[in-house]
Amino acid sequence: MFYKTLSCAVEGIEGYIVTVESDVAKGMNSFATVGLPDVTVKESKDRIKSAIINSDLKFPNKKIVINLSPSDVKKEGSHFDLPIALSILNSEYNFLAERYENTAFFGELSLNGKIKKVSGMIPFMIACYESDDIRRVMVPVDNYEEARVIQNIEIIPVENIKDVVYYLVGRSDKVLKVSEEPCKKILSNDYDFKDVKGNLMAVRAAEISASGFHNFFMIGPPGSGKSMIAKRMSSIMEPLNDQEYIEVSRIYSTVGKFNDDILARKRPFRSPHHTATSKSIIGGGQNSTPGEVVYSHKGILFLDELLEFDKKVLEAMRQPIEDKYVNISRVRNSYKYPCDFLLVAATNPCPCGHYLNPFRECVCQEFKINNYLSRASAPFLDRFDVFVEMVPIEFSQLNEINICESSEVIRGRVKMAIETQAMRFSKKSYKYNSLIPPSEISMFCVLTKDAQELVEIAYTKYNYSIRGYHKLLKIARTIADLDGKDIIDISHISEAISYRKPLQKYWR
Amino acid sequence: MEELCLFLDFLGLSFNDTMEFISKVEKIDGISNLCDEKFKELFSEDKGRLDKFLERRKFFNDFKVEMHEKEIGYLCFFDEKYPKKLKSIDNPPLVLYYKGNIELMDTFGIGVIGSRKPSVYGSYIAKDLSEKLANAGVTIISGMAMGIDGIAHRSAIDSNGNTIAVLGTGFNYIYPKTNKRLYEDILDKGGLVISENHHKKSILPQMFMFRNRIISGIGDGLLVVEAGLKSGTMTTVDFGLNQGKVIFAVPGNINSPLSIGTNTLIKNGGVIVTNVKDIFDEFPNVKFNDKKIKTIDHRLSEIELTIVSVLKEKGSVYIESLAYITNINIKDLSGVLNILEIKGIVSELGNKLYTYIE
């Protein structure tokens with residue numbers, strides 16, 4: 001007899017529908033899986049048999065052939081256990097059509113019949129949502145919250161195979177009781193800007209950077225608070241909106257790294273170690289798995305000790321930063337991943353770390369400092385908008401300082417600036433000031449007369465390039481947005497100048 | 001005669017050897033008359049040197065053409081135009097190669113020297129004093145190295161003053177590479193670049209130290225901005241002392257390793273410089289331009305006045321401290337400081353340390 005069950009597989013981060021076909025026929029007792037299954041899928045037959053028998057269900061002693069269709073694409077993942085098992089059991093138990101058909105099943109079986117968590121839930125859900133055939137999905141209970149990211153589709157959480165079979169044959173009406181309340185995870189931040197003492201300039205720069213999605217560069221001696229500020233950046237950013245939430249969850253779900261932070265719509269914060277290879281940063285490997293740039297999609301990618309990174313890795317990042325997507329092609333396949341992130345970098349100014357430190361002497365030779373700084377190429381530095389120089393605070397100041405704002409206050413301003421931008425760019429393909437193309441700068445960055453004069457003076461005094469000049473205007477635009485002004489005035493421009501100065505100081 | 005000197009320098013003869021050689025061939029003018037037989041006669045006892053002579057003669061013409069192409073001029077020791085200041089020093093360069101305005105050699109000049117890796121303070125002082133000296137018509141002489149040297153040249157150019165760079169290398173290699181732009185700017189703005197080494201000469205580390213005697217030699221005084229106790233700067237000072245030059249030194253923090261050299265100089269009788277006038281006073285016979293930079297009376301806003309008054313009172317203040325003292329929000333503060341800097345009322349010493357300038 002021929003039976004079929006619906007499920008999904010994933011390619012890159014795109015899910016597609018897979019039909020699990022089974023033929024249970026008279027003949028020698030055997031079990032074969034065809035349709036390009038990989039090892040995890042092939043192994044499933046032993047798990048399935050044990051799980052069915054250990055759940056006091058009947059396993060047909062017949063000749064069983066399983067086909068995963070479409071059969072010309074390699075399929076992997078342990079989530080096929082449940083659909084395969086059900087496809088076999090259908091021959092013994094005659095499932096109710098209204099419960100069995102138009103349903104997609106996912107779940108890994110444990111030998112005792114328990115259904116365990118699987119990875120890739122969200123791409124599956126998206127595929128199911130887009131398909132006309134599927135009206136409900138049955139997912140492991142541990143994946144329930146994750147699956148609920150996609151709404152408007154019936155989700156049935158399940159815990160073990162026995163319950164599933166009873167439900168499908170009509171012996172019980174409800175598999176598992178779960179609360180249908182929308183899940184409310186409260187966004188909690190372990191890090192808050194109120195802990196940052198001093199470094200007012202850097203905190204302000206972080207605010208500007210988060211508001212306009214300007215890539216952010218900090219340079220300064222060790223212990224001046226660079227990492228501290230970077231770690232707090234996500235606390236002043238708005239939570240992920242609905243669309244971003246789906247995009248981010250999809251990436252994390254594909255690799256089985258979906259977590260509570262994402263559920264709370266917190267923006268990802270990734271900080272790879274500086275020994276990272278280009279494979280781990282960009283992506284690659286046999287299966288073209290995504291790298292850190294993809295994991296930081298819609299969040300922050302923090303490169304601490306930027307100049308210690310392999311130069312090749314840094315150069316490889318130029319394209320993803322610019323295009324906001326990355327194509328990973330390997331022998332077997334080629335996938336396109338999104339990677340729209342805010343780049344935050346921190347570095348020491350020289351190998352010993354104290355070059356230009358007012359409190360300590362630098363012991364590096366001149367050419368070593370130059371070599372060190374030149375590890376970041378000019379085109380790479382061009383990817384950054386906001387530069388800030390960190391100064392360690394004097395001990396005597398440590399206890400005096402009491403001007404610090406909490407992340408919540410800053411987030412309020414950032415939110416306003418982001419809303420202003422959303423309104424301004426409602427008809428455009430981009431959403432942030434940092435992405436205004438050169439041709440449209442004059443349209444969006446309108447200056448007062450005073451500001452115009454100052455820009456002209458600054459242009460000659462600081463020897464800006466055209467690109468540098470555009471960046472200056474974009475930063476000023478964000479500063480004006482934070483100030484709630486439509487037209488950029490002199491104070492906005494003059495503040496923006498501060499965030500371009502360190503670039504010239506260190507790399508001229 | 002000039003060509004002979006040039007040739008001898010091309011051969012790599014030392015000053016004393018050249019003098020000896022020239023005394024032997026006194027009556028010969030022009031290398032064309034110096035045929036191979038004559039050489040053989042002169043160097044009959046030194047076979048090795050003779051061979052070298054004969055071999056290098058082949059390349060000499062190319063060398064001259066190349067010099068012409070690169071617009072490198074030269075002055076030999078016997079030349080009338082050879083700077084008088086250099087004639088009197090020990091071991092003067094036999095041939096002085098130059099590019100740019102050679103007239104500057106005879107102007108009144110001060111050598112501005114100091115650490116290659118100056119502190120924020122040193123950089124600022126070097127800039128400030130060089131600008132003021134250049135504005136007064138003094139030629140700024142330095143070695144076009146990193147740090148103080150570069151700052152001194154740059155400030156002189158920026159204030160449209162005269163400057164002479166003394167290279168440690170030949171004209172083919174500009175060292176350090178990062179000063180290539182500076183080198184071009186010096187030449188563009190009517191400055192002078194000199195070297196005692198021809199452009200084909202390979203670079204040796206000692207050449208840099210050796211050229212320091214020229215820096216001190218062509219300067220009428222030597223201004224030491226910042227120096228460690230044992231440093232290249234101090235060798236220049238030693239040369240200067242031997243040549244009888246006035247040594248000026250800028251005092252510094254007694255804890256700063258970069259000021260030990262200058263502070264020691266002051267202790268041992270160097271002229272202390274806290275103001276550019278201290279330098280002028282040492283040369284009563286020289287007329288300095290009394291060109292005062294016009295201070296434009298900027299009308300300052302209230303917030304600007306507050307900042308300026310704090311800076312006036314405290315000397316130099318970090319932006320963070322300014323924020324605490326004045327209670328002005330950092331976003332306004334950094335902007336106002338930038339405007340004040342452009343107006344020329346305050347200056348950033350580096351690392352967001354701001355100071356008021358008169």
# chains A, B, ... in the order shown; residues from 1 in each chain; ligands from 1

$ select_by_dssp --residues "region 196-336 of chain B" --states "alpha helix (DSSP H)" --output "PDB file with C-alpha atoms, in the first residue's frame"
ATOM      1  CA  GLN B 206      74.881  56.351  10.309  1.00  0.00           C
ATOM      2  CA  MET B 207      74.110  58.761   7.496  1.00  0.00           C
ATOM      3  CA  PHE B 208      71.147  60.112   9.435  1.00  0.00           C
ATOM      4  CA  MET B 209      73.214  60.962  12.446  1.00  0.00           C
ATOM      5  CA  PHE B 210      75.966  62.404  10.286  1.00  0.00           C
ATOM      6  CA  ARG B 211      73.689  64.841   8.498  1.00  0.00           C
ATOM      7  CA  ASN B 212      72.740  66.326  11.868  1.00  0.00           C
ATOM      8  CA  ARG B 213      75.981  68.348  11.716  1.00  0.00           C
ATOM      9  CA  ILE B 214      74.597  70.074   8.634  1.00  0.00           C
ATOM     10  CA  ILE B 215      71.343  70.912  10.389  1.00  0.00           C
ATOM     11  CA  SER B 216      73.222  72.512  13.230  1.00  0.00           C
ATOM     12  CA  GLY B 217      75.753  73.961  10.805  1.00  0.00           C
ATOM     13  CA  ILE B 218      73.428  75.955   8.604  1.00  0.00           C
ATOM     14  CA  GLY B 232      69.524  61.618  17.786  1.00  0.00           C
ATOM     15  CA  THR B 233      68.405  65.046  18.818  1.00  0.00           C
ATOM     16  CA  MET B 234      71.125  65.220  21.436  1.00  0.00           C
ATOM     17  CA  THR B 235      73.815  64.341  18.880  1.00  0.00           C
ATOM     18  CA  THR B 236      72.664  67.330  16.859  1.00  0.00           C
ATOM     19  CA  VAL B 237      73.021  69.416  19.994  1.00  0.00           C
ATOM     20  CA  ASP B 238      76.581  68.114  20.419  1.00  0.00           C
ATOM     21  CA  PHE B 239      77.416  69.110  16.860  1.00  0.00           C
ATOM     22  CA  GLY B 240      75.841  72.480  17.477  1.00  0.00           C
ATOM     23  CA  LEU B 241      77.886  73.033  20.618  1.00  0.00           C
ATOM     24  CA  ASN B 242      81.089  72.195  18.759  1.00  0.00           C
ATOM     25  CA  ILE B 260      64.738  64.944  30.212  1.00  0.00           C
ATOM     26  CA  GLY B 261      67.036  66.003  27.383  1.00  0.00           C
ATOM     27  CA  THR B 262      65.708  69.526  27.134  1.00  0.00           C
ATOM     28  CA  ASN B 263      65.547  70.036  30.868  1.00  0.00           C
ATOM     29  CA  THR B 264      69.155  68.873  31.188  1.00  0.00           C
ATOM     30  CA  LEU B 265      70.183  71.309  28.467  1.00  0.00           C
ATOM     31  CA  ILE B 266      68.586  74.131  30.391  1.00  0.00           C
ATOM     32  CA  LYS B 267      70.357  73.019  33.553  1.00  0.00           C
ATOM     33  CA  VAL B 276      59.296  83.032  20.803  1.00  0.00           C
ATOM     34  CA  LYS B 277      60.712  86.362  22.058  1.00  0.00           C
ATOM     35  CA  ASP B 278      63.314  84.455  24.052  1.00  0.00           C
ATOM     36  CA  ILE B 279      64.828  83.417  20.741  1.00  0.00           C
ATOM     37  CA  PHE B 280      64.671  86.866  19.173  1.00  0.00           C
ATOM     38  CA  ASP B 281      66.374  88.401  22.188  1.00  0.00           C
ATOM     39  CA  GLU B 282      69.458  86.274  21.638  1.00  0.00           C
ATOM     40  CA  GLU B 302      27.440  82.912  25.699  1.00  0.00           C
ATOM     41  CA  ILE B 303      28.261  79.222  25.615  1.00  0.00           C
ATOM     42  CA  GLU B 304      31.504  79.946  23.763  1.00  0.00           C
ATOM     43  CA  LEU B 305      32.470  82.548  26.324  1.00  0.00           C
ATOM     44  CA  THR B 306      31.889  80.104  29.159  1.00  0.00           C
ATOM     45  CA  ILE B 307      34.147  77.539  27.530  1.00  0.00           C
ATOM     46  CA  VAL B 308      36.834  80.077  26.701  1.00  0.00           C
ATOM     47  CA  SER B 309      36.841  81.409  30.249  1.00  0.00           C
ATOM     48  CA  VAL B 310      37.288  77.913  31.686  1.00  0.00           C
ATOM     49  CA  LEU B 311      40.096  77.213  29.232  1.00  0.00           C
ATOM     50  CA  LYS B 312      41.764  80.518  30.056  1.00  0.00           C
ATOM     51  CA  GLU B 313      41.658  79.719  33.718  1.00  0.00           C
ATOM     52  CA  LYS B 314      42.823  76.112  33.541  1.00  0.00           C
ATOM     53  CA  ILE B 319      36.594  67.663  26.845  1.00  0.00           C
ATOM     54  CA  GLU B 320      35.152  65.350  29.459  1.00  0.00           C
ATOM     55  CA  SER B 321      36.336  67.543  32.293  1.00  0.00           C
ATOM     56  CA  LEU B 322      34.966  70.573  30.482  1.00  0.00           C
ATOM     57  CA  ALA B 323      31.612  68.858  30.397  1.00  0.00           C
ATOM     58  CA  TYR B 324      31.695  68.296  34.147  1.00  0.00           C
ATOM     59  CA  ILE B 325      32.919  71.781  34.963  1.00  0.00           C
ATOM     60  CA  THR B 326      30.581  73.722  32.710  1.00  0.00           C
ATOM     61  CA  ILE B 330      28.638  66.806  25.446  1.00  0.00           C
ATOM     62  CA  LYS B 331      26.837  66.999  22.118  1.00  0.00           C
ATOM     63  CA  ASP B 332      26.825  70.797  22.224  1.00  0.00           C
ATOM     64  CA  LEU B 333      30.262  70.992  23.737  1.00  0.00           C
ATOM     65  CA  SER B 334      32.062  69.053  21.027  1.00  0.00           C
ATOM     66  CA  GLY B 335      30.369  71.136  18.370  1.00  0.00           C
ATOM     67  CA  VAL B 336      31.182  74.450  19.990  1.00  0.00           C
TER      68      VAL B 336
END

$ residues_around --residues "Phe59 (chain B)" --least-positions-apart "6" --cutoff "12 Å" --atoms "only C-alpha atoms" --output "MDAnalysis selection string"
chainID B and resid 7 10:11 52:53 65:66 200

$ write_last_selection --atoms "all heavy atoms" --output "mmCIF file, in the first residue's frame"
data_model
loop_
_atom_site.group_PDB
_atom_site.id
_atom_site.type_symbol
_atom_site.label_atom_id
_atom_site.label_comp_id
_atom_site.auth_asym_id
_atom_site.auth_seq_id
_atom_site.Cartn_x
_atom_site.Cartn_y
_atom_site.Cartn_z
ATOM 1 N N PHE B 7 82.671 64.205 -9.464
ATOM 2 C CA PHE B 7 83.134 62.862 -9.802
ATOM 3 C C PHE B 7 83.753 62.166 -8.595
ATOM 4 O O PHE B 7 83.491 60.998 -8.316
ATOM 5 C CB PHE B 7 84.141 62.943 -10.954
ATOM 6 C CG PHE B 7 84.706 61.602 -11.330
ATOM 7 C CD1 PHE B 7 83.858 60.590 -11.743
ATOM 8 C CD2 PHE B 7 86.068 61.350 -11.244
ATOM 9 C CE1 PHE B 7 84.364 59.344 -12.074
ATOM 10 C CE2 PHE B 7 86.577 60.107 -11.568
ATOM 11 C CZ PHE B 7 85.728 59.102 -11.991
ATOM 12 N N PHE B 10 81.176 61.066 -6.371
ATOM 13 C CA PHE B 10 80.537 59.892 -6.976
ATOM 14 C C PHE B 10 81.358 58.643 -6.720
ATOM 15 O O PHE B 10 80.831 57.552 -6.515
ATOM 16 C CB PHE B 10 80.383 60.153 -8.488
ATOM 17 C CG PHE B 10 79.761 59.033 -9.245
ATOM 18 C CD1 PHE B 10 78.476 58.582 -8.932
ATOM 19 C CD2 PHE B 10 80.436 58.420 -10.293
ATOM 20 C CE1 PHE B 10 77.893 57.554 -9.641
ATOM 21 C CE2 PHE B 10 79.856 57.394 -10.998
ATOM 22 C CZ PHE B 10 78.578 56.958 -10.676
ATOM 23 N N LEU B 11 82.683 58.815 -6.696
ATOM 24 C CA LEU B 11 83.550 57.683 -6.401
ATOM 25 C C LEU B 11 83.459 57.258 -4.946
ATOM 26 O O LEU B 11 83.755 56.129 -4.595
ATOM 27 C CB LEU B 11 85.011 58.061 -6.686
ATOM 28 C CG LEU B 11 85.387 58.141 -8.148
ATOM 29 C CD1 LEU B 11 86.800 58.679 -8.258
ATOM 30 C CD2 LEU B 11 85.298 56.781 -8.794
ATOM 31 N N LYS B 52 88.865 50.905 -9.570
ATOM 32 C CA LYS B 52 87.542 51.415 -9.234
ATOM 33 C C LYS B 52 87.278 52.717 -9.994
ATOM 34 O O LYS B 52 86.206 52.919 -10.561
ATOM 35 C CB LYS B 52 87.478 51.645 -7.729
ATOM 36 C CG LYS B 52 86.072 51.661 -7.188
ATOM 37 C CD LYS B 52 86.101 51.821 -5.685
ATOM 38 C CE LYS B 52 84.782 52.404 -5.206
ATOM 39 N NZ LYS B 52 84.929 52.988 -3.888
ATOM 40 N N PHE B 53 88.310 53.550 -9.996
ATOM 41 C CA PHE B 53 88.208 54.813 -10.743
ATOM 42 C C PHE B 53 87.816 54.566 -12.167
ATOM 43 O O PHE B 53 86.864 55.152 -12.676
ATOM 44 C CB PHE B 53 89.588 55.514 -10.763
ATOM 45 C CG PHE B 53 89.828 56.431 -9.618
ATOM 46 C CD1 PHE B 53 89.614 56.010 -8.319
ATOM 47 C CD2 PHE B 53 90.292 57.717 -9.844
ATOM 48 C CE1 PHE B 53 89.838 56.845 -7.264
ATOM 49 C CE2 PHE B 53 90.526 58.560 -8.775
ATOM 50 C CZ PHE B 53 90.308 58.135 -7.478
ATOM 51 N N VAL B 65 73.550 62.948 -16.342
ATOM 52 C CA VAL B 65 72.298 63.129 -17.087
ATOM 53 C C VAL B 65 71.111 62.938 -16.141
ATOM 54 O O VAL B 65 70.154 63.716 -16.132
ATOM 55 C CB VAL B 65 72.229 62.131 -18.256
ATOM 56 C CG1 VAL B 65 70.831 62.144 -18.882
ATOM 57 C CG2 VAL B 65 73.281 62.445 -19.288
ATOM 58 N N GLU B 66 71.241 61.917 -15.333
ATOM 59 C CA GLU B 66 70.149 61.605 -14.407
ATOM 60 C C GLU B 66 69.915 62.751 -13.430
ATOM 61 O O GLU B 66 68.783 63.120 -13.128
ATOM 62 C CB GLU B 66 70.498 60.338 -13.626
ATOM 63 C CG GLU B 66 69.311 59.425 -13.412
ATOM 64 C CD GLU B 66 69.761 58.105 -12.845
ATOM 65 O OE1 GLU B 66 70.351 57.287 -13.609
ATOM 66 O OE2 GLU B 66 69.558 57.898 -11.653
ATOM 67 N N LYS B 200 72.515 58.216 -5.964
ATOM 68 C CA LYS B 200 72.793 56.794 -6.186
ATOM 69 C C LYS B 200 73.318 56.101 -4.924
ATOM 70 O O LYS B 200 73.482 54.898 -4.894
ATOM 71 C CB LYS B 200 73.854 56.637 -7.287
ATOM 72 C CG LYS B 200 73.355 56.965 -8.672
ATOM 73 C CD LYS B 200 72.548 55.799 -9.223
ATOM 74 C CE LYS B 200 72.333 55.987 -10.708
ATOM 75 N NZ LYS B 200 71.401 54.980 -11.211
#

$ interface_residues --of "chain A" --to "chain B" --cutoff "7 Å" --atoms "only C-alpha atoms" --output "PyMOL selection string"
chain A and resi 198-201+204+389+391+491+494-495+498

$ residues_around --residues "Ile17 (chain A)" --least-positions-apart "3" --cutoff "7 Å" --atoms "only C-alpha atoms" --output "ChimeraX atom specification"
/A:7-9,127

$ write_last_selection --atoms "N, CA, C and O atoms" --output "tab-separated table (two decimals), in the first residue's frame"
chain	number	residue	atom	x	y	z
A	7	SER	N	6.20	16.95	4.82
A	7	SER	CA	7.21	17.53	5.71
A	7	SER	C	8.00	18.55	4.90
A	7	SER	O	7.60	18.89	3.78
A	8	CYS	N	9.09	19.02	5.43
A	8	CYS	CA	9.88	20.03	4.74
A	8	CYS	C	11.37	19.74	4.89
A	8	CYS	O	11.79	18.99	5.76
A	9	ALA	N	12.15	20.37	4.02
A	9	ALA	CA	13.60	20.33	4.19
A	9	ALA	C	14.10	21.75	3.96
A	9	ALA	O	13.33	22.62	3.52
A	127	ALA	N	7.84	27.84	4.67
A	127	ALA	CA	7.49	27.04	3.50
A	127	ALA	C	6.05	26.54	3.62
A	127	ALA	O	5.29	26.56	2.64

$ residues_around --residues "Cys5 (chain B)" --least-positions-apart "2" --cutoff "12 Å" --atoms "only C-alpha atoms" --output "number ranges by chain"
B: 1-3, 7-15, 17-19, 21-22, 25, 28-31, 74-79, 93-97

$ closest_residue --among "B:Ala165, B:Leu349, B:Leu133, B:Val224" --to "Ser195 (chain B)" --atoms "only C-alpha atoms"
B:Ala165

$ atom_distance --atom1 "CA of Val414 (chain A)" --atom2 "CA of Glu244 (chain A)"
17.6 Å

$ residues_around --residues "region 59-65 of chain A" --least-positions-apart "2" --cutoff "9 Å" --atoms "only C-alpha atoms" --output "list in words"
Glu21, Ser22, Asp23, Val24, Ala25, Lys26, Gly27, Met28, Asn29, Ser30, Phe31, Ala32, Thr33, Val34, Lys49, Ile52, Ile53, Leu57, Asn67, Ile88, Leu89, Ser91 and Glu92 of chain A

$ residues_around --residues "Asn333 (chain A)" --least-positions-apart "4" --cutoff "8 Å" --atoms "only C-alpha atoms" --output "PyMOL selection string"
chain A and resi 287-288+329

$ write_last_selection --atoms "N, CA and C atoms" --output "PDB file, in the first residue's frame"
ATOM      1  N   ASN A 287      28.859  22.582   3.659  1.00  0.00           N
ATOM      2  CA  ASN A 287      27.435  22.804   3.468  1.00  0.00           C
ATOM      3  C   ASN A 287      27.089  24.265   3.262  1.00  0.00           C
ATOM      4  N   SER A 288      28.115  25.078   2.991  1.00  0.00           N
ATOM      5  CA  SER A 288      27.896  26.513   2.811  1.00  0.00           C
ATOM      6  C   SER A 288      27.142  27.117   3.994  1.00  0.00           C
ATOM      7  N   SER A 329      29.198  30.159  -2.246  1.00  0.00           N
ATOM      8  CA  SER A 329      29.152  29.068  -3.221  1.00  0.00           C
ATOM      9  C   SER A 329      30.209  28.045  -2.870  1.00  0.00           C
TER      10      SER A 329
END

$ closest_residue --among "A:Val344, A:Ala422, A:Ile497, A:Met228" --to "Leu381 (chain A)" --atoms "only C-alpha atoms"
A:Val344

$ residues_around --residues "Val363 (chain A)" --least-positions-apart "4" --cutoff "10 Å" --atoms "only C-alpha atoms" --output "list in words"
Cys350, Pro351, Cys352, Gly353, His354, Tyr355 and Ile369 of chain A; Lys117 of chain B

$ select_by_dssp --residues "region 107-256 of chain B" --states "strand (DSSP E)" --output "VMD selection string"
chain B and resid 109 to 113 139 to 142 163 to 166 192 to 195 221 to 224 246 to 249

$ atom_distance --atom1 "CA of Pro290 (chain A)" --atom2 "CA of Gly256 (chain A)"
12.5 Å

$ atom_distance --atom1 "CA of Leu36 (chain A)" --atom2 "CA of Ala147 (chain A)"
26.6 Å
